[in-house]
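Next comes coords-v6.cif, a file with mmCIF, C-alpha atoms.
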```cif
data_protein
#
loop_
_atom_site.label_atom_id
_atom_site.label_comp_id
_atom_site.auth_asym_id
_atom_site.auth_seq_id
_atom_site.Cartn_x
_atom_site.Cartn_y
_atom_site.Cartn_z
CA MET I 924 25.62 19.84 -10.76
CA HIS I 925 25.22 22.17 -7.81
CA ILE I 926 27.19 21.58 -4.61
CA LYS I 927 27.42 23.93 -1.68
CA ILE I 928 28.51 23.91 1.95
CA THR I 929 26.87 26.74 3.81
CA SER I 930 26.08 28.02 7.27
CA GLU I 931 22.77 29.45 6.04
CA LYS I 932 19.37 27.80 6.31
CA LEU I 933 18.84 25.36 3.41
CA ASP I 934 16.26 26.29 0.79
CA THR I 935 14.70 23.12 -0.66
CA GLN I 936 12.52 24.96 -3.16
CA LYS I 937 15.53 26.73 -4.67
CA LEU I 938 17.29 23.40 -5.21
CA ILE I 939 14.20 21.87 -6.80
CA GLU I 940 14.18 24.72 -9.33
CA MET I 941 17.87 24.05 -10.04
CA VAL I 942 17.28 20.45 -11.12
CA GLU I 943 14.15 21.08 -13.21
CA ASP I 944 14.44 19.81 -16.77
CA ASP I 945 11.90 19.54 -19.57
CA GLY I 946 12.74 15.85 -19.86
CA ALA I 947 12.44 15.06 -16.15
CA GLY I 948 9.36 13.14 -15.05
CA ALA I 949 10.51 12.57 -11.47
CA ILE I 950 12.31 14.44 -8.72
CA ASP I 951 13.36 12.82 -5.46
CA ILE I 952 14.44 14.95 -2.55
CA PHE I 953 16.08 13.85 0.67
CA LEU I 954 16.33 16.02 3.77
CA GLY I 955 18.48 15.08 6.71
CA VAL I 956 16.90 16.73 9.74
CA VAL I 957 18.04 17.35 13.32
CA ARG I 958 16.01 15.12 15.58
CA ASN I 959 15.47 15.46 19.31
CA ASN I 960 17.14 12.27 20.43
CA MET I 961 20.19 10.11 19.86
CA LYS I 962 19.78 6.55 21.05
CA GLY I 963 17.13 7.72 23.52
CA LYS I 964 19.12 10.65 24.91
CA LYS I 965 17.49 14.07 24.52
CA VAL I 966 19.31 16.31 22.05
CA ILE I 967 18.97 20.10 22.50
CA SER I 968 20.83 21.25 19.39
CA LEU I 969 23.95 20.41 17.44
CA ASP I 970 26.95 21.74 15.59
CA TYR I 971 28.29 20.53 12.27
CA HIS I 972 32.00 21.11 11.70
CA CYS I 973 33.73 20.35 8.43
CA TYR I 974 36.96 20.26 6.51
CA GLU I 975 35.50 22.46 3.84
CA ALA I 976 37.92 22.06 0.92
CA MET I 977 37.97 18.28 1.26
CA SER I 978 34.20 18.09 1.80
CA GLN I 979 33.65 20.07 -1.38
CA LYS I 980 35.99 17.73 -3.27
CA LYS I 981 34.39 14.55 -1.89
CA LEU I 982 30.88 15.84 -2.65
CA GLU I 983 31.95 16.52 -6.24
CA GLU I 984 33.39 13.01 -6.53
CA ILE I 985 30.20 11.48 -5.12
CA VAL I 986 27.96 13.47 -7.45
CA ASN I 987 30.13 12.63 -10.47
CA GLU I 988 29.97 8.95 -9.59
CA THR I 989 26.19 9.21 -9.20
CA TYR I 990 25.82 10.70 -12.70
CA LYS I 991 27.80 7.73 -14.03
CA LYS I 992 25.88 5.05 -12.14
CA PHE I 993 22.30 6.27 -12.62
CA ASP I 994 20.30 7.67 -15.54
CA VAL I 995 19.60 11.07 -13.98
CA LYS I 996 19.20 14.57 -15.35
CA ASN I 997 20.47 16.88 -12.60
CA ILE I 998 21.74 16.66 -9.03
CA ALA I 999 21.93 19.42 -6.41
CA VAL I 1000 23.37 18.97 -2.93
CA GLU I 1001 23.79 21.38 -0.05
CA HIS I 1002 25.14 20.59 3.41
CA ARG I 1003 24.69 23.01 6.24
CA ILE I 1004 27.35 23.56 8.89
CA GLY I 1005 27.40 25.47 12.16
CA HIS I 1006 24.77 25.46 14.88
CA LEU I 1007 21.43 23.81 14.09
CA GLN I 1008 18.19 23.47 16.02
CA ILE I 1009 15.77 20.52 16.17
CA ARG I 1010 13.75 20.20 12.91
CA GLU I 1011 16.30 22.15 10.85
CA ALA I 1012 17.71 20.45 7.76
CA SER I 1013 21.41 19.59 7.74
CA VAL I 1014 21.52 18.25 4.20
CA VAL I 1015 19.32 18.46 1.14
CA ILE I 1016 19.82 16.26 -1.93
CA VAL I 1017 17.67 16.77 -5.03
CA VAL I 1018 17.78 14.52 -8.08
CA SER I 1019 15.75 14.74 -11.29
CA SER I 1020 15.38 11.96 -13.85
CA ALA I 1021 13.16 10.87 -16.72
CA HIS I 1022 11.83 7.87 -14.77
CA ARG I 1023 11.26 7.62 -11.04
CA GLY I 1024 13.48 4.64 -10.21
CA ALA I 1025 16.69 6.48 -11.03
CA SER I 1026 15.81 9.50 -8.84
CA PHE I 1027 15.07 7.37 -5.80
CA GLU I 1028 18.15 5.21 -6.20
CA ALA I 1029 20.53 8.06 -6.98
CA CYS I 1030 19.26 10.16 -4.07
CA ARG I 1031 19.73 7.25 -1.68
CA PHE I 1032 23.20 6.57 -3.08
CA VAL I 1033 24.27 10.19 -2.52
CA ILE I 1034 23.23 10.26 1.14
CA GLU I 1035 24.85 6.89 1.87
CA GLU I 1036 28.11 8.05 0.29
CA ILE I 1037 28.03 11.38 2.13
CA LYS I 1038 27.70 9.54 5.42
CA LYS I 1039 30.72 7.40 4.57
CA LYS I 1040 33.13 9.81 2.92
CA VAL I 1041 32.56 13.51 3.51
CA PRO I 1042 34.66 14.96 6.36
CA ILE I 1043 31.84 16.54 8.35
CA TRP I 1044 31.42 15.95 12.06
CA LYS I 1045 28.40 16.36 14.25
CA LYS I 1046 28.61 17.45 17.87
CA GLU I 1047 25.44 16.94 19.87
CA TYR I 1048 24.44 19.04 22.85
CA PHE I 1049 22.46 17.32 25.60
CA GLU I 1050 21.02 18.78 28.79
CA ASP I 1051 24.05 17.49 30.68
CA GLY I 1052 26.88 17.83 28.21
CA GLU I 1053 28.03 17.37 24.66
CA THR I 1054 29.59 14.69 22.51
CA TRP I 1055 31.12 14.13 19.10
CA VAL I 1056 28.97 11.65 17.21
CA GLU I 1057 30.89 8.61 16.02
CA GLY I 1058 29.84 7.87 12.48
CA TYR I 1059 31.51 5.98 9.67
CA SER I 1060 35.21 5.46 9.48
CA PRO I 1061 36.11 6.27 5.88
CA ASP I 1062 37.77 3.64 3.71
CA VAL I 1063 41.33 4.47 2.79
CA PRO I 1064 42.48 3.25 -0.64
CA MET E 791 -1.95 12.05 7.50
CA HIS E 792 -2.70 14.72 4.94
CA ILE E 793 -4.32 13.80 1.62
CA LYS E 794 -5.68 16.21 -0.94
CA ILE E 795 -6.75 16.22 -4.56
CA THR E 796 -6.58 19.72 -5.93
CA SER E 797 -6.55 21.70 -9.14
CA GLU E 798 -4.17 24.25 -7.61
CA LYS E 799 -0.39 24.30 -8.00
CA LEU E 800 1.26 21.95 -5.48
CA ASP E 801 3.27 23.53 -2.66
CA THR E 802 6.10 21.19 -1.64
CA GLN E 803 7.34 23.42 1.17
CA LYS E 804 3.90 23.46 2.82
CA LEU E 805 3.79 19.66 2.81
CA ILE E 806 7.30 19.41 4.27
CA GLU E 807 6.15 21.58 7.18
CA MET E 808 3.15 19.28 7.67
CA VAL E 809 5.30 16.18 8.24
CA GLU E 810 7.91 17.80 10.49
CA ASP E 811 8.32 16.05 13.81
CA ASP E 812 10.82 16.50 16.63
CA GLY E 813 11.70 12.83 16.37
CA ALA E 814 12.18 12.80 12.59
CA GLY E 815 15.75 12.59 11.31
CA ALA E 816 14.83 12.11 7.66
CA ILE E 817 12.29 13.37 5.15
CA ASP E 818 11.96 11.95 1.66
CA ILE E 819 9.95 13.78 -0.96
CA PHE E 820 8.86 12.55 -4.36
CA LEU E 821 7.57 14.83 -7.10
CA GLY E 822 5.96 13.48 -10.23
CA VAL E 823 6.57 16.07 -12.91
CA VAL E 824 5.15 16.63 -16.40
CA ARG E 825 7.87 15.87 -18.92
CA ASN E 826 8.08 16.94 -22.53
CA ASN E 827 7.93 13.55 -24.14
CA MET E 828 6.13 10.23 -23.99
CA LYS E 829 7.99 7.39 -25.69
CA GLY E 830 9.81 9.96 -27.82
CA LYS E 831 6.70 11.90 -28.86
CA LYS E 832 6.68 15.57 -27.93
CA VAL E 833 4.15 16.43 -25.21
CA ILE E 834 2.80 19.99 -25.10
CA SER E 835 0.72 19.75 -21.93
CA LEU E 836 -1.66 17.38 -20.23
CA ASP E 837 -4.86 16.97 -18.30
CA TYR E 838 -5.41 14.81 -15.25
CA HIS E 839 -8.99 13.61 -14.72
CA CYS E 840 -10.12 11.72 -11.67
CA TYR E 841 -12.91 9.95 -9.87
CA GLU E 842 -12.47 12.15 -6.87
CA ALA E 843 -14.38 10.32 -4.12
CA MET E 844 -12.79 6.99 -5.00
CA SER E 845 -9.32 8.55 -5.45
CA GLN E 846 -9.57 10.09 -1.99
CA LYS E 847 -10.59 6.70 -0.54
CA LYS E 848 -7.83 4.79 -2.34
CA LEU E 849 -5.21 7.37 -1.27
CA GLU E 850 -6.34 6.98 2.35
CA GLU E 851 -6.08 3.20 2.09
CA ILE E 852 -2.60 3.44 0.56
CA VAL E 853 -1.37 5.85 3.24
CA ASN E 854 -2.85 3.71 6.02
CA GLU E 855 -1.11 0.66 4.62
CA THR E 856 2.15 2.60 4.40
CA TYR E 857 1.95 3.57 8.09
CA LYS E 858 1.51 -0.12 8.91
CA LYS E 859 4.35 -1.39 6.72
CA PHE E 860 7.05 1.20 7.49
CA ASP E 861 8.33 2.90 10.64
CA VAL E 862 7.41 6.43 9.61
CA LYS E 863 6.29 9.53 11.50
CA ASN E 864 4.05 11.42 9.06
CA ILE E 865 2.88 11.18 5.47
CA ALA E 866 1.41 13.93 3.28
CA VAL E 867 0.20 13.40 -0.28
CA GLU E 868 -1.34 15.76 -2.80
CA HIS E 869 -2.32 14.98 -6.38
CA ARG E 870 -3.07 17.72 -8.80
CA ILE E 871 -5.81 17.43 -11.43
CA GLY E 872 -6.78 19.58 -14.39
CA HIS E 873 -4.52 21.12 -16.99
CA LEU E 874 -0.75 21.00 -16.34
CA GLN E 875 2.24 22.38 -18.20
CA ILE E 876 5.70 20.85 -18.69
CA ARG E 877 7.76 20.98 -15.44
CA GLU E 878 4.70 21.30 -13.21
CA ALA E 879 4.28 18.72 -10.45
CA SER E 880 1.32 16.34 -10.69
CA VAL E 881 1.93 14.59 -7.39
CA VAL E 882 3.91 15.29 -4.25
CA ILE E 883 4.54 12.68 -1.55
CA VAL E 884 6.34 13.64 1.66
CA VAL E 885 7.33 11.14 4.35
CA SER E 886 9.17 11.77 7.61
CA SER E 887 10.81 9.08 9.75
CA ALA E 888 13.38 8.69 12.51
CA HIS E 889 15.82 6.89 10.19
CA ARG E 890 16.32 7.44 6.48
CA GLY E 891 15.60 3.95 5.15
CA ALA E 892 11.94 4.06 6.12
CA SER E 893 11.34 7.44 4.43
CA PHE E 894 12.82 6.32 1.14
CA GLU E 895 11.01 3.00 1.12
CA ALA E 896 7.65 4.38 2.23
CA CYS E 897 7.78 7.22 -0.30
CA ARG E 898 8.55 4.76 -3.10
CA PHE E 899 5.77 2.45 -1.93
CA VAL E 900 3.21 5.27 -2.00
CA ILE E 901 3.99 6.33 -5.58
CA GLU E 902 3.98 2.72 -6.84
CA GLU E 903 0.61 2.10 -5.21
CA ILE E 904 -0.84 5.36 -6.55
CA LYS E 905 0.13 4.33 -10.06
CA LYS E 906 -1.60 0.99 -9.63
CA LYS E 907 -4.77 1.83 -7.73
CA VAL E 908 -5.91 5.44 -7.75
CA PRO E 909 -8.52 6.23 -10.43
CA ILE E 910 -6.77 9.14 -12.08
CA TRP E 911 -6.25 9.35 -15.81
CA LYS E 912 -3.78 11.35 -17.82
CA LYS E 913 -4.56 12.76 -21.24
CA GLU E 914 -1.56 13.99 -23.19
CA TYR E 915 -1.69 16.72 -25.80
CA PHE E 916 0.76 16.47 -28.69
CA GLU E 917 1.30 18.84 -31.59
CA ASP E 918 -0.92 16.65 -33.75
CA GLY E 919 -3.53 15.38 -31.34
CA GLU E 920 -4.24 13.94 -27.94
CA THR E 921 -4.41 10.56 -26.27
CA TRP E 922 -5.42 8.88 -23.03
CA VAL E 923 -2.36 7.35 -21.44
CA GLU E 924 -2.70 3.62 -20.76
CA GLY E 925 -1.33 2.91 -17.36
CA TYR E 926 -1.91 0.11 -14.90
CA SER E 927 -5.02 -2.01 -14.92
CA PRO E 928 -6.03 -2.20 -11.26
CA ASP E 929 -6.33 -5.59 -9.58
CA VAL E 930 -9.84 -6.55 -8.64
CA PRO E 931 -10.20 -8.64 -5.46
CA MET G 1411 60.69 19.98 4.70
CA LYS G 1412 57.60 21.80 5.85
CA ILE G 1413 54.05 20.43 5.96
CA LYS G 1414 50.72 21.95 6.95
CA ILE G 1415 48.65 20.00 9.44
CA LEU G 1416 44.96 20.71 10.03
CA PHE G 1417 42.97 19.58 13.05
CA PHE G 1418 39.21 19.11 13.03
CA ALA G 1419 36.52 18.04 15.47
CA ILE G 1420 37.92 15.86 18.29
CA TYR G 1421 41.48 16.40 17.00
CA LYS G 1422 41.02 20.14 17.24
CA GLU G 1423 39.65 19.84 20.78
CA ILE G 1424 42.52 17.68 21.95
CA THR G 1425 45.30 19.72 20.37
CA GLY G 1426 43.64 23.07 21.03
CA THR G 1427 44.67 24.20 17.59
CA ALA G 1428 43.21 24.19 14.08
CA LYS G 1429 46.38 24.47 12.08
CA LEU G 1430 50.07 23.81 12.45
CA GLU G 1431 53.04 24.39 10.15
CA LEU G 1432 55.61 21.77 10.99
CA GLU G 1433 59.20 21.10 9.95
CA VAL G 1434 59.60 17.32 9.54
CA PRO G 1435 62.42 15.08 8.22
CA GLU G 1436 62.44 14.03 4.55
CA LYS G 1437 60.51 10.76 3.91
CA THR G 1438 58.21 11.25 6.89
CA ASP G 1439 55.10 9.12 6.37
CA GLY G 1440 51.71 9.17 8.12
CA LEU G 1441 52.86 6.78 10.84
CA LYS G 1442 55.94 8.84 11.62
CA LEU G 1443 53.88 12.04 11.61
CA GLN G 1444 51.48 10.46 14.08
CA GLU G 1445 54.38 9.79 16.44
CA ILE G 1446 55.71 13.31 16.08
CA LEU G 1447 52.27 14.73 16.87
CA GLU G 1448 51.80 12.41 19.84
CA GLN G 1449 55.01 13.79 21.31
CA LYS G 1450 53.71 17.33 20.91
CA PHE G 1451 50.17 16.48 22.09
CA PRO G 1452 50.29 13.38 24.33
CA ASP G 1453 46.48 13.12 24.53
CA LEU G 1454 46.45 12.26 20.83
CA ILE G 1455 47.45 8.74 21.81
CA LYS G 1456 43.79 8.19 22.73
CA LEU G 1457 42.93 8.60 19.06
CA ARG G 1458 45.39 5.99 17.75
CA GLY G 1459 43.68 3.85 15.15
CA VAL G 1460 40.60 6.10 15.16
CA GLY G 1461 41.48 8.65 12.52
CA LYS G 1462 42.28 8.10 8.87
CA LEU G 1463 45.05 10.03 7.14
CA ALA G 1464 44.15 12.52 4.43
CA VAL G 1465 46.79 14.16 2.25
CA ASN G 1466 45.92 17.03 -0.07
CA LEU G 1467 42.14 16.42 0.21
CA ASP G 1468 42.25 12.63 -0.36
CA TYR G 1469 42.20 9.69 2.03
CA SER G 1470 45.63 8.09 1.93
CA PRO G 1471 47.22 5.04 3.56
CA MET G 1472 49.22 5.73 6.75
CA GLU G 1473 52.34 4.59 4.89
CA THR G 1474 52.08 7.48 2.43
CA VAL G 1475 55.36 9.37 2.29
CA LEU G 1476 54.72 13.08 2.69
CA GLU G 1477 56.17 15.79 0.52
CA ASP G 1478 57.14 19.36 1.11
CA GLY G 1479 54.06 21.62 1.18
CA ASP G 1480 51.53 18.80 1.72
CA GLU G 1481 48.31 19.59 3.55
CA VAL G 1482 47.70 16.76 5.97
CA THR G 1483 44.97 15.90 8.46
CA PHE G 1484 43.52 13.01 10.44
CA ILE G 1485 39.84 12.31 9.82
CA ALA G 1486 37.87 10.99 12.80
CA PRO G 1487 34.84 8.84 11.91
CA VAL G 1488 32.60 11.19 9.93
CA SER G 1489 29.02 11.95 10.97
CA GLY G 1490 27.66 14.34 8.35
CA GLY G 1491 24.43 14.02 6.38
CA MET V 1487 -34.11 -0.89 -8.84
CA LYS V 1488 -32.14 2.24 -9.64
CA ILE V 1489 -28.37 2.58 -9.83
CA LYS V 1490 -26.07 5.52 -10.49
CA ILE V 1491 -23.44 5.03 -13.18
CA LEU V 1492 -20.46 7.38 -13.55
CA PHE V 1493 -18.25 7.68 -16.64
CA PHE V 1494 -14.66 8.91 -16.54
CA ALA V 1495 -11.87 9.47 -19.04
CA ILE V 1496 -12.27 7.34 -22.18
CA TYR V 1497 -15.67 6.10 -20.95
CA LYS V 1498 -16.90 9.65 -20.63
CA GLU V 1499 -15.65 10.49 -24.11
CA ILE V 1500 -17.34 7.49 -25.69
CA THR V 1501 -20.68 7.87 -23.91
CA GLY V 1502 -20.66 11.65 -24.04
CA THR V 1503 -21.96 11.70 -20.48
CA ALA V 1504 -20.53 11.81 -16.97
CA LYS V 1505 -23.44 10.37 -15.04
CA LEU V 1506 -26.48 8.25 -15.64
CA GLU V 1507 -29.31 7.14 -13.36
CA LEU V 1508 -30.52 3.81 -14.67
CA GLU V 1509 -33.44 1.52 -13.84
CA VAL V 1510 -32.13 -2.06 -14.00
CA PRO V 1511 -33.66 -5.49 -13.12
CA GLU V 1512 -33.09 -6.96 -9.65
CA LYS V 1513 -29.92 -9.14 -9.45
CA THR V 1514 -28.19 -7.26 -12.26
CA ASP V 1515 -24.44 -7.86 -11.96
CA GLY V 1516 -21.46 -6.09 -13.56
CA LEU V 1517 -21.52 -8.31 -16.65
CA LYS V 1518 -25.23 -7.72 -17.20
CA LEU V 1519 -24.78 -3.97 -16.66
CA GLN V 1520 -22.01 -3.95 -19.25
CA GLU V 1521 -24.42 -5.47 -21.79
CA ILE V 1522 -27.14 -2.97 -20.94
CA LEU V 1523 -24.68 -0.09 -21.41
CA GLU V 1524 -23.34 -1.51 -24.67
CA GLN V 1525 -26.90 -1.48 -26.01
CA LYS V 1526 -27.26 2.18 -25.07
CA PHE V 1527 -23.72 3.15 -26.24
CA PRO V 1528 -22.59 0.66 -28.93
CA ASP V 1529 -19.05 2.10 -29.05
CA LEU V 1530 -18.50 0.82 -25.50
CA ILE V 1531 -17.93 -2.64 -27.03
CA LYS V 1532 -14.41 -1.39 -27.91
CA LEU V 1533 -13.67 -1.18 -24.18
CA ARG V 1534 -14.72 -4.76 -23.35
CA GLY V 1535 -12.16 -6.29 -21.06
CA VAL V 1536 -10.36 -2.96 -20.63
CA GLY V 1537 -12.18 -1.45 -17.68
CA LYS V 1538 -12.52 -2.82 -14.17
CA LEU V 1539 -15.78 -2.57 -12.26
CA ALA V 1540 -15.96 -0.37 -9.19
CA VAL V 1541 -18.96 -0.38 -6.87
CA ASN V 1542 -19.34 2.23 -4.14
CA LEU V 1543 -15.68 3.36 -4.39
CA ASP V 1544 -14.12 -0.12 -4.38
CA TYR V 1545 -12.87 -2.36 -7.16
CA SER V 1546 -15.26 -5.29 -7.42
CA PRO V 1547 -15.45 -8.47 -9.53
CA MET V 1548 -17.65 -8.25 -12.63
CA GLU V 1549 -19.89 -10.91 -11.07
CA THR V 1550 -20.83 -8.58 -8.20
CA VAL V 1551 -24.62 -8.36 -7.89
CA LEU V 1552 -25.66 -4.73 -7.73
CA GLU V 1553 -28.07 -3.27 -5.23
CA ASP V 1554 -30.51 -0.42 -5.29
CA GLY V 1555 -28.72 2.91 -4.96
CA ASP V 1556 -25.26 1.60 -5.82
CA GLU V 1557 -22.75 3.98 -7.40
CA VAL V 1558 -21.06 2.07 -10.21
CA THR V 1559 -18.31 2.87 -12.70
CA PHE V 1560 -15.82 1.22 -15.03
CA ILE V 1561 -12.17 2.11 -14.43
CA ALA V 1562 -9.94 2.24 -17.49
CA PRO V 1563 -6.23 1.54 -16.81
CA VAL V 1564 -5.16 4.31 -14.44
CA SER V 1565 -2.30 6.70 -15.22
CA GLY V 1566 -2.02 9.04 -12.27
CA GLY V 1567 1.07 9.86 -10.25
#
```

What does this structure look like when you write it as structure tokens?
Amino acid sequence: MHIKITSEKLDTQKLIEMVEDDGAGAIDIFLGVVRNNMKGKKVISLDYHCYEAMSQKKLEEIVNETYKKFDVKNIAVEHRIGHLQIREASVVIVVSSAHRGASFEACRFVIEEIKKKVPIWKKEYFEDGETWVEGYSPDVP
Amino acid sequence: MHIKITSEKLDTQKLIEMVEDDGAGAIDIFLGVVRNNMKGKKVISLDYHCYEAMSQKKLEEIVNETYKKFDVKNIAVEHRIGHLQIREASVVIVVSSAHRGASFEACRFVIEEIKKKVPIWKKEYFEDGETWVEGYSPDVP
Amino acid sequence: MKIKILFFAIYKEITGTAKLELEVPEKTDGLKLQEILEQKFPDLIKLRGVGKLAVNLDYSPMETVLEDGDEVTFIAPVSGG
Amino acid sequence: MKIKILFFAIYKEITGTAKLELEVPEKTDGLKLQEILEQKFPDLIKLRGVGKLAVNLDYSPMETVLEDGDEVTFIAPVSGG
């Protein structure tokens, strides 16, 4: 397991090398990328803010749950914070497994859980202002 | 659309750059990787052979169908042929889309279709011999 | 008792602060803390029902009774990934 | 008429050749071609029912009537990806 929250540019190739395994026949990789519009409004750039200690803890819980639910070899996740430009990756999730189904499903599970549970907030900058993006409201036990 | 059959090492990062798009919020990448065993038998290395002209045509058909079925921005696919070692990638599929669901589903669709339709054959080398891998028998119209 | 309160994102903008050490009565729960904070930062009323309580890095019901030294925050709807 | 036959993978191993230009009767179809090839390469009988016919880069029924200049092959179960 590799989990990191960083303000540096994400390096997909490095994470692929981290999950390599002689018994892995499949690797699925998901990149979340900054796109130039939000519901039709032109986005110039954005900031990710986070509650770092809790984000780290929630990411670890999500990855541990993923190992339990799916037959995967290795999982690596990095989330970028700070100021990002269009086309830059905000999150990279890499999963290796013996067979392809598990990689696809586990990778999808990780991104869905991140979007629900990890205390990271996106602020979008438009030509005429800025706004906090309203995402998921986390479930409380 | 980018499609290539090559005997050179696959470069995932290059393909990611090919599918980038200002309107893409998600990129899913699938790597097929050589693993060290086939049904429990130890694999040393393998060869991919192909009917290149027909493989190119079938890949184009698959990618065109994927553009029609899913709301994606760009698709890039490369399949490696020749002699490969454990951990090397045999195929890389990269799909960008505005929203993440389409990338995941389109990427999965492409690999499933490749495994059914593209005339590429894998020969595995074991410690005590070699064998052609029996995969899918393509449907004939 | 003393608790540590962190403010992120919209909460940080509204309160103008990232961190607060606060002396609160014994048995203060999330709901009571919300009231105390709304007195200090009246604009927080706008966020009533929006944020979820987190205590010591876990989401916790608003009724959770806080303890001395707890690290507490309110989590606005998250938008990472 | 003359057709071009390509052999790949297990077919190439059994026939020991990658490519063959063959003079065949008019109206030869995939089934008839299979018989002609089995006479030339008796071991091909082992692959009866295994390979699918492809004509000019497309999978085609065995009953497809071939035409002069066609590029024909038999596709063993594929295992790419």

Written as a ChimeraX atom specification, what is the full residue list that the PyMOL selection byres ((chain E) within 10 of (chain I)) yields on the file shown? /E:801-803,806-807,810-828,876-891,893-895,897-898,901-902

At a cut-off of 8 Å, using all atoms listed in the file, what residues contact E:Met844? Leave out same-chain residues fewer than 3 positions from it and give the result as an NGL selection string. (:E and (841 or 847-848 or 908-909)) or (:V and (1543-1544))

Please indicate the distance in Å from atom CA of G:Ser1489 to atom CA of I:Gly1058, rounded to one decimal place. 4.4 Å

As a check of understanding: the span from atom CA of E:Lys863 to atom CA of E:Val900 is 14.5 Å

Take atom CA of G:Glu1445 and atom CA of I:Glu1057 and report the distance between them in Å, one decimal.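 About the pair atom CA of G:Glu1445 and atom CA of I:Glu1057: they are 23.5 Å apart.
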
Name the residues in contact with V:Thr1514 at a cut-off of 6 Å, using all atoms listed in the file, excluding same-chain residues fewer than 4 positions from it; report them as a list in words.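 Non-adjacent residues within range: Lys1518, Val1551 and Leu1552 of chain V.
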
Step by step, work through what the PyMOL selection byres ((chain G) within 12 of (chain I)) selects in the shown file, and finish by giving those residues as a PyMOL selection string. chain G and resi 1416-1423+1428-1429+1459-1474+1481-1491

Store the residues picked out above, limited to C-alpha atoms, as a short mmCIF file (atom, residue, chain, number, x, y, z; two decimals), keeping the file's coordinate frame.
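What follows is the written file result00.cif:
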```cif
data_model
loop_
_atom_site.label_atom_id
_atom_site.label_comp_id
_atom_site.auth_asym_id
_atom_site.auth_seq_id
_atom_site.Cartn_x
_atom_site.Cartn_y
_atom_site.Cartn_z
CA LEU G 1416 44.96 20.71 10.03
CA PHE G 1417 42.97 19.58 13.05
CA PHE G 1418 39.21 19.11 13.03
CA ALA G 1419 36.52 18.04 15.47
CA ILE G 1420 37.92 15.86 18.29
CA TYR G 1421 41.48 16.40 17.00
CA LYS G 1422 41.02 20.14 17.24
CA GLU G 1423 39.65 19.84 20.78
CA ALA G 1428 43.21 24.19 14.08
CA LYS G 1429 46.38 24.47 12.08
CA GLY G 1459 43.68 3.85 15.15
CA VAL G 1460 40.60 6.10 15.16
CA GLY G 1461 41.48 8.65 12.52
CA LYS G 1462 42.28 8.10 8.87
CA LEU G 1463 45.05 10.03 7.14
CA ALA G 1464 44.15 12.52 4.43
CA VAL G 1465 46.79 14.16 2.25
CA ASN G 1466 45.92 17.03 -0.07
CA LEU G 1467 42.14 16.42 0.21
CA ASP G 1468 42.25 12.63 -0.36
CA TYR G 1469 42.20 9.69 2.03
CA SER G 1470 45.63 8.09 1.93
CA PRO G 1471 47.22 5.04 3.56
CA MET G 1472 49.22 5.73 6.75
CA GLU G 1473 52.34 4.59 4.89
CA THR G 1474 52.08 7.48 2.43
CA GLU G 1481 48.31 19.59 3.55
CA VAL G 1482 47.70 16.76 5.97
CA THR G 1483 44.97 15.90 8.46
CA PHE G 1484 43.52 13.01 10.44
CA ILE G 1485 39.84 12.31 9.82
CA ALA G 1486 37.87 10.99 12.80
CA PRO G 1487 34.84 8.84 11.91
CA VAL G 1488 32.60 11.19 9.93
CA SER G 1489 29.02 11.95 10.97
CA GLY G 1490 27.66 14.34 8.35
CA GLY G 1491 24.43 14.02 6.38
#
```

Identify which of the residues I:Leu933, I:Ile926, I:Val942, I:Ala1029 lies closest to I:Tyr990, counting only C-alpha atoms when measuring atom-to-atom distances.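 Checking each candidate against I:Tyr990, we get I:Ala1029 as the closest.
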
Explicit residues for the PyMOL selection byres ((chain I and resi 1006) around 6) (as a list in words): Leu969, Asp970, Gly1005 and Leu1007 of chain I

Out of G:Gly1440, G:Asp1478, G:Ile1424, G:Leu1432, which residue has the shortest atom-to-atom distance to G:Lys1456 when counting all atoms listed in the file?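 Smallest separation from G:Lys1456 among the options: G:Ile1424.
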